[in-house]
Amino acid sequence: MRPTNAFAQASILQLYDPDRSQTHLKNGRLASWEDFGPEVKQELEKLLLARGAGFHILTETVTSPTLAAQIKALLEANPSAKWHQYSPVNQDNALAGAQLAFGQAVTPRYFFDKAQIVVSLDADFLGRGPGHIRYARDFMARHTPDMARKMSRLYAVESTPNLTGAQADHKLSVRASRVEHIARALARGLGINAALGDTAGHDEWIAAVVRDLKQNRGNCIVVAGENQPPVVHALAYAMNDALDSYGKTVNLIASPEANPIQQAASIKELAKAMNSGSVQVLLMIGGNPVYNAPADCEFEKGLAKVKFAAHHSLYVNETTKLCQWHVSATHYLEEWGDARAFDGTASIIQPLIEPLYGSRSAYEFLSAVAGRSSRKGLEIVQEQWKKADDDAAALEWRRWLHDGIIPGTESQLKNVVPKIGFASEPPPVLGAEMEIMFQPDPLIWDGCFANNAWLQEVPRPLTKLVWDNVILVSAETAAHRRWSQGSVISVKVGDRSIEGPVFVQPGHPNNCATVYLGGGRTVAGRTGDGVGFNAYPIRTTDNPWFATGVANATGDQAGLVTTQEHHSLDGRHIYRTATLAEFESDPKWVEKFDEFGGTPISIYPGHDYSKGNQWGMVINLNACIGCNACVVACQAENNIPVVGKDQVRRGREMHWIRVDRYFTGGDPANPDAIALQPVTCMHCENAPCESVCPVGATSHSADGINQMVYNRCVGTRYCSNNCPYKVRRFNFYKFADHTTPSLKLQRNPDVTVRSRGVMEKCTYCVQRISAARISAQKQNRLVDVKRDQLQTACQQACPTRAITFGDINNPEDDVAKLRAHPLSYGMLVELNTRPRTTYLARVRNPNPELESAAAVSAKGEHA
Amino acid sequence: MMGICFLIVGLLFTTITKLVTTGIGIWGNNQPVAWAFDIVNFVWWIGIGHAGTLISAILFLFRQEWRTSINRFAEAMTIFAVMCAGLYPLLHLGRPWLFYWLFPYPNVMQTWPQFRSPLMWDVFAVSTYFTISVLFWYTGLLPDLASLRDRAKSRIAQVITGVAALGWRGSARHWQRYDIIYLLLAGLSTPLVLSVHSIVSLDFAVAQLPGWHTTIFPPYFVAGAVYSGFAMVLTFMIPVRAFFGFKDFVTQRHLDAMSKVMLATGLIVLYGYAMEAFVGLVYSGNPNEYFQMHNRMFGPYGWSYWMLITCNGIIPQLLWLKRVRLNPVLLWFITIVINIGMWLERFVIIVISLHRDFVPSSWGMYFPTKWDFGMFIGTMGFFGFMMCLFIRFIPMFAGFELRELLHKKKSHSH
Amino acid sequence: MSHSSPQSNVYALVAEYPTPEALLTAAEKVRDAGYKRVDALTPFPVHGIVEALGLPKSRMAALVFCAALFGAIGGFYLQVWLTTQQYPLTISGRPYFSWPNYIPVTFECMVLAAGLTAFFGMLIRNRLPRPYHPLFATRGIEASTTGKFMIVVESTDPKFDEKGTESFLRSTGAESVNAAPFDDFGRDQAADGAAK
């Protein structure tokens, strides 16, 4: 079980990215690692008299115990030196909120599988933030109809539409600054001393949520988003206390960060020091502050004044260009290291391969700074963890590596009681100005993945955009301002402004705009340079997440590209959803849409698939959060090429699995709900694609897989025309890069790299099936997916176990059981395709009290 | 004229070179519209290629003697149109250099083509049609080549026509066999010509795409093919007749008869449209069929549907008027309209059906590129070029048949 | 297997008539006079000439019919054999023997076989292509494809007698009678033709 997210899957491409830094540089020229240590030493010796004053270290958020220990040792040797941390997306607000509520920087650890009612205050706990993968699994496991446990209910107060809001049973779309007002009203309802603001007429909704929370005391979680101000976090902590959550559904623990500080303040302090000329030596580990530091810091200007700046980084980026030294960093898959998880548990990071180039890890970098440049990463990490140099310790080390975690390292529980009165002052009054909200791009994040073509080309979960960051606005706002899709607008916050294209996003709150970070890189690499626009110039330390601003059309038009052009199901039953009440009153509800039953009669007797392994897949729509981990995992496993923005615009994207996104409900601008549906090849038993191929390049295997024979394919594309699910992908050009050496290493050797003119599509990871079959046949038995650990790449990557793959002939197999589930249905079975990939219909759990007020489920869709 | 056509042939070769060296990505085809101009043009050309054989074969069997002055011309047109048509399925392949994999022979892995595929049927139908059309045309040409040989003055002309005529000398024994096989070839061509467009229509009817999956296609495609074929014959014949002064050969009676055939087939086609609309919107009760028909009429490509109805359904109704049928200028204008309409029909069927099918997430738009047009215009240039060559070098009228006809007329009047 | 008279330098006599009617009348006379190795050259097929000259009936139709049958059976069997015996593939869940799918190709094979047989059968039975023939050396022979109607009496005919036959032909209303001379090449050709 290796659930991940899209970033982790795409890091394979990052490792082999030909644009990665491959050499150390001094003043832009090739330099030797051996020279780096002595030079730093020389610089630091100059500062000895000042006890290291003028020596600054800047890192991103550090959770590595070894790295933290190394930095601390350096700080001890140079007592006046400073350690700064800065990541553009950080936990500043959560920590400040904890400080406000408890007087100390504790961190919550949620148990969503135990929560009956979850209220999200603009928190995207399914899509981002520490522990989101675990949280997604826990939450979705409970947010599903199950006989054993009551299905949970999610209320989301949401500014920018996100993955968590897409799963909500009830959603309130308000701009980011309004969330505090709603939170105050909720808190007040739960008996917390909070001054009320303006809830914009949502009192009925709030009252219903409060009643629901009160009825489920001890089974609730209130969670605040990292873009919400500290007071919202403090209110959430207080509400959890009022609802008796601590110790039941939420634990308060010490932060897993090595040094939890206010990062915006930290970088501002550094920038100030640099601009005043007091920074003599600046060592930067990772990060790209020239690009992403708050605009008011004037980091770039300050950096020019630093005499000796060294940047240890994976890429030569905007910041590296302005440093004297660049030390090429190893990728995390090439180095020894350690890190703490969201609950504080430490893991040892093992390298998967020797470094491709002469790069050095951050540990080796800091060791060199400390004057020991010859030490290896393994040595450094072992020094941190191994208790002794004996056999027992060696065995223990091996066990840690094997288990993946070091037992007993989780953060300690904090027993704290929230203060009262921190919210007794009324919130700021909301004006009529437009609100500018900042969000990291769902896939390019803060810009650090800009050169990752896989991530650039993954459709953003809710917009389906590729190769761009945009400014989201609601349809109403766009109409009011006479903007259309792709209108370039200038956004002014204070006296700073940027320009970017508008994307009209259904469900976005009015009179505000979401500016996605991460675009407009200038020194990212061949892939990332010039993609999107840079939003950091209007983001300041005071308003890192939202600010009031002015937006005006510039008259330009940008060509935005999405992979989906139609957003409604148009009454089709390919995606089926009902409320829990409907499902419980009619457990066979899902079948009534199949006019001819699940397997319509045929004039042909049909092929006999009753023997041997028969592969099938079940996709649980109750579990899918639309995170795209499967898409990237598939791309990595199956050597799927990227095609670039222009080709996606022409409709030629190559992903074998896609996550369809529909908005349901009567009003396209304000959808009732968001439907997310992963679609792969259905491996139809009566596959329409097969009979139309003139050369027999696609046919059925004995174990029920619709196979594609690449070297027989001549490319008529008839199969694609006849595929009702449109899952086939065609190489209109030679999309695959056959020449770049590092990309040759990146590829899966078990999968053909397709050339121009052939069709391709999901194979159920046939290479993995073959490997399992070969080993099973040696033992003269059939494949057993559990015993042979057979999983498809998408299944393996899915954080929420939405995808199950296995043998439909084996009644013990999960797939066979799920196919018999009352919610199981096939897509377009009326065409008698007999798909092997089937779905479990989505069940929602709306509050009956609110249900009557606003139709939440897509009732109109299945009348 | 020939020079212009030759330049356009140059465009065709440029397009083909670009296509083969870079990939069919130079066209606008995509997912979901994996077939577009390529197959639209294929079906259009193959439809045009129906008139020749039909005129020669069916009218021959029905002893419609007026065919004699136009059959050679129409047959040549058939062959050139089928050549243009044949280019498309060949070049629309992702790997066109492997086109021969569609021929029935085993490869090194002992796999043969897949005979359940309508594309395989197409390969057989189109290649058979081309072969039989060439044989039929050449058979008809044989006595005229002999006549040319016997009248040739220059040595070169004598040699060329001598070789081409295969030593034909008009022997009674030869004529006897010739008569039988000409009749047989006509007899074979008649069901063949019906089968070719039926099979082409099966490319669509066999698929399960709404808008394609319909039993009405074979007859409606055949009627459409005859419709467009006759239109194209007239499109070329009317100017040639005026330019070369062939009014004695191609008389008003010919124009009238051909107009009537167009009117009849046009009405069949119009009936097809009506049935499609009726089945889609009313009769089928299938939401996908309903949507597809509705989208055809009122979707983003709705303009093409209404243009098609105008071009193929409404304007040709003028042919009910004898005045129009006998007015070459008006008639020529109508044939152009029909040519456009028949092209739009294929565009409507192929592109509109594909661009929005079962799963709304996969809907998309299709926009042709300059290379799509390059290929289309290029084949028109090739067609024109070949027709120019034909008019210049090959007897445009079936000489022996005309002589026979003339003789019959004379003896009847005695 | 008669043999041509080696001494004669005449391959045949060619009589020319102005109209098909004149040709037919003359042909009947030639036939009634007992000439067997005769032929007619006409610019277009003249109906009745075969009977008038007493030539044998063609069997082309039967040949083409056999070819059509062979094409249809062969085409169908090829598909059945390929999909059930030689390399059966599971396609769209259909049975290996899914005969409705084989009909179009069967039909096309039938037409193709018949058409090719018709055309090439006609050429072969007519012994074409034949770029040279002794008749081509006859004076005025060109008119046979452009407007004149001719009767050919070959010198290999048992009743042939150069002088007598010529005057006989003139008596049938021929406008002119010309001799088709032999050269060595032509003699061989004629001998070859006669041998068959």
# chains A, B, ... in the order shown; residues from 1 in each chain; ligands from 1
$ select_by_dssp --residues "segment 277-319 of chain A" --states "strand (DSSP E)" --output "short mmCIF file (atom, residue, chain, number, x, y, z; two decimals) with N, CA and C atoms, in the first residue's frame"
data_model
loop_
_atom_site.label_atom_id
_atom_site.label_comp_id
_atom_site.auth_asym_id
_atom_site.auth_seq_id
_atom_site.Cartn_x
_atom_site.Cartn_y
_atom_site.Cartn_z
N VAL A 281 27.64 36.41 4.86
CA VAL A 281 27.60 35.07 4.27
C VAL A 281 26.17 34.57 4.33
N LEU A 282 25.65 34.19 3.18
CA LEU A 282 24.28 33.66 3.15
C LEU A 282 24.31 32.29 2.49
N LEU A 283 23.89 31.31 3.26
CA LEU A 283 23.79 29.96 2.69
C LEU A 283 22.31 29.63 2.54
N MET A 284 21.94 29.25 1.33
CA MET A 284 20.53 28.91 1.10
C MET A 284 20.43 27.45 0.72
N ILE A 285 19.58 26.74 1.43
CA ILE A 285 19.36 25.34 1.09
C ILE A 285 17.99 25.24 0.46
N PHE A 308 28.90 37.01 0.03
CA PHE A 308 29.11 35.60 -0.27
C PHE A 308 27.78 34.86 -0.09
N ALA A 309 27.15 34.55 -1.22
CA ALA A 309 25.90 33.81 -1.16
C ALA A 309 26.08 32.48 -1.88
N ALA A 310 25.67 31.43 -1.22
CA ALA A 310 25.76 30.11 -1.84
C ALA A 310 24.37 29.49 -1.85
N HIS A 311 24.01 28.89 -2.96
CA HIS A 311 22.69 28.28 -3.08
C HIS A 311 22.84 26.81 -3.38
N HIS A 312 22.32 26.01 -2.47
CA HIS A 312 22.31 24.57 -2.68
C HIS A 312 20.94 24.22 -3.22
N SER A 313 20.89 23.80 -4.49
CA SER A 313 19.57 23.58 -5.07
C SER A 313 19.62 22.56 -6.19
#
$ select_by_dssp --residues "segment 262-388 of chain B" --states "alpha helix (DSSP H)" --output "PyMOL selection string"
chain B and resi 262-278+287-298+302-308+322-325+328-347+353-355+370-388
$ interface_residues --of "chain B" --to "chain A" --cutoff "8 Å" --atoms "only C-alpha atoms" --output "VMD selection string"
chain B and resid 22 to 25 28 to 35 92 to 96 98 to 99 101 to 102 112 to 120 207 to 209 354 357 to 364 366
$ closest_residue --among "A:Gly666, A:Tyr155, A:His607, A:Pro749" --to "chain C" --atoms "only C-alpha atoms"
A:His607
$ residues_around --residues "Ser228 of chain B" --least-positions-apart "4" --cutoff "8 Å" --atoms "only C-alpha atoms" --output "PyMOL selection string"
chain B and resi 47-48+51+224+232+338-339+342
$ write_last_selection --atoms "N, CA and C atoms" --output "short mmCIF file (atom, residue, chain, number, x, y, z; two decimals), in the first residue's frame"
data_model
loop_
_atom_site.label_atom_id
_atom_site.label_comp_id
_atom_site.auth_asym_id
_atom_site.auth_seq_id
_atom_site.Cartn_x
_atom_site.Cartn_y
_atom_site.Cartn_z
N GLY B 47 -17.91 9.03 -53.71
CA GLY B 47 -19.28 9.27 -54.18
C GLY B 47 -19.28 9.80 -55.60
N ILE B 48 -18.41 10.77 -55.84
CA ILE B 48 -18.29 11.33 -57.19
C ILE B 48 -17.92 10.23 -58.17
N ALA B 51 -20.71 8.04 -60.54
CA ALA B 51 -21.50 8.36 -61.72
C ALA B 51 -21.02 7.58 -62.93
N GLY B 224 -26.90 9.22 -52.54
CA GLY B 224 -26.08 10.43 -52.44
C GLY B 224 -24.90 10.36 -53.38
N MET B 232 -21.14 16.09 -60.52
CA MET B 232 -19.76 16.35 -60.90
C MET B 232 -19.56 16.15 -62.40
N ILE B 338 -24.75 21.30 -55.40
CA ILE B 338 -24.89 19.91 -54.95
C ILE B 338 -23.53 19.35 -54.52
N ASN B 339 -22.50 19.69 -55.26
CA ASN B 339 -21.16 19.23 -54.86
C ASN B 339 -20.82 19.71 -53.47
N MET B 342 -23.04 17.84 -50.92
CA MET B 342 -22.64 16.46 -50.63
C MET B 342 -21.39 16.42 -49.78
#
$ residues_around --residues "segment 238-249 of chain B" --least-positions-apart "4" --cutoff "10 Å" --atoms "only C-alpha atoms" --output "MDAnalysis selection string"
chainID B and resid 66 68:70 233:234 254:255 328:329 331:332 391 397 402
$ interface_residues --of "chain C" --to "chain B" --cutoff "6 Å" --atoms "only C-alpha atoms" --output "list in words"
Ala40, Leu41, Thr42, Pro43, Phe44, Pro45, Asn101, Val105, Glu108, Leu112, Ala118, Asn126, Pro129, Arg130, Pro131, Glu142, Thr145 and Thr146 of chain C
$ atom_distance --atom1 "atom CA of Glu457 of chain A" --atom2 "atom CA of Thr160 of chain A"
21.3 Å
$ closest_residue --among "A:Ile705, A:Tyr825, A:Gln767, A:Glu812" --to "chain C" --atoms "only C-alpha atoms"
A:Ile705
$ interface_residues --of "chain C" --to "chain A" --cutoff "10 Å" --atoms "only C-alpha atoms" --output "count of residues only"
10
$ atom_distance --atom1 "atom CA of Lys260 of chain B" --atom2 "atom CA of Ala231 of chain B"
11.2 Å
$ atom_distance --atom1 "atom CA of Trp483 of chain A" --atom2 "atom CA of Glu435 of chain A"
16.3 Å
$ closest_residue --among "A:Ser152, A:Thr554, A:Asn251, A:Ser328" --to "Lys414 of chain A" --atoms "only C-alpha atoms"
A:Asn251
$ residues_around --residues "Met275 of chain B" --least-positions-apart "3" --cutoff "12 Å" --atoms "only C-alpha atoms" --output "number ranges by chain"
B: 211, 214-217, 220, 268-272, 278-284, 293
$ residues_around --residues "Met375 of chain B" --least-positions-apart "2" --cutoff "8 Å" --atoms "only C-alpha atoms" --output "list in words"
Leu11, Leu12, Thr15, Ile16, Trp371, Asp372, Phe373, Ile377, Gly378 and Thr379 of chain B
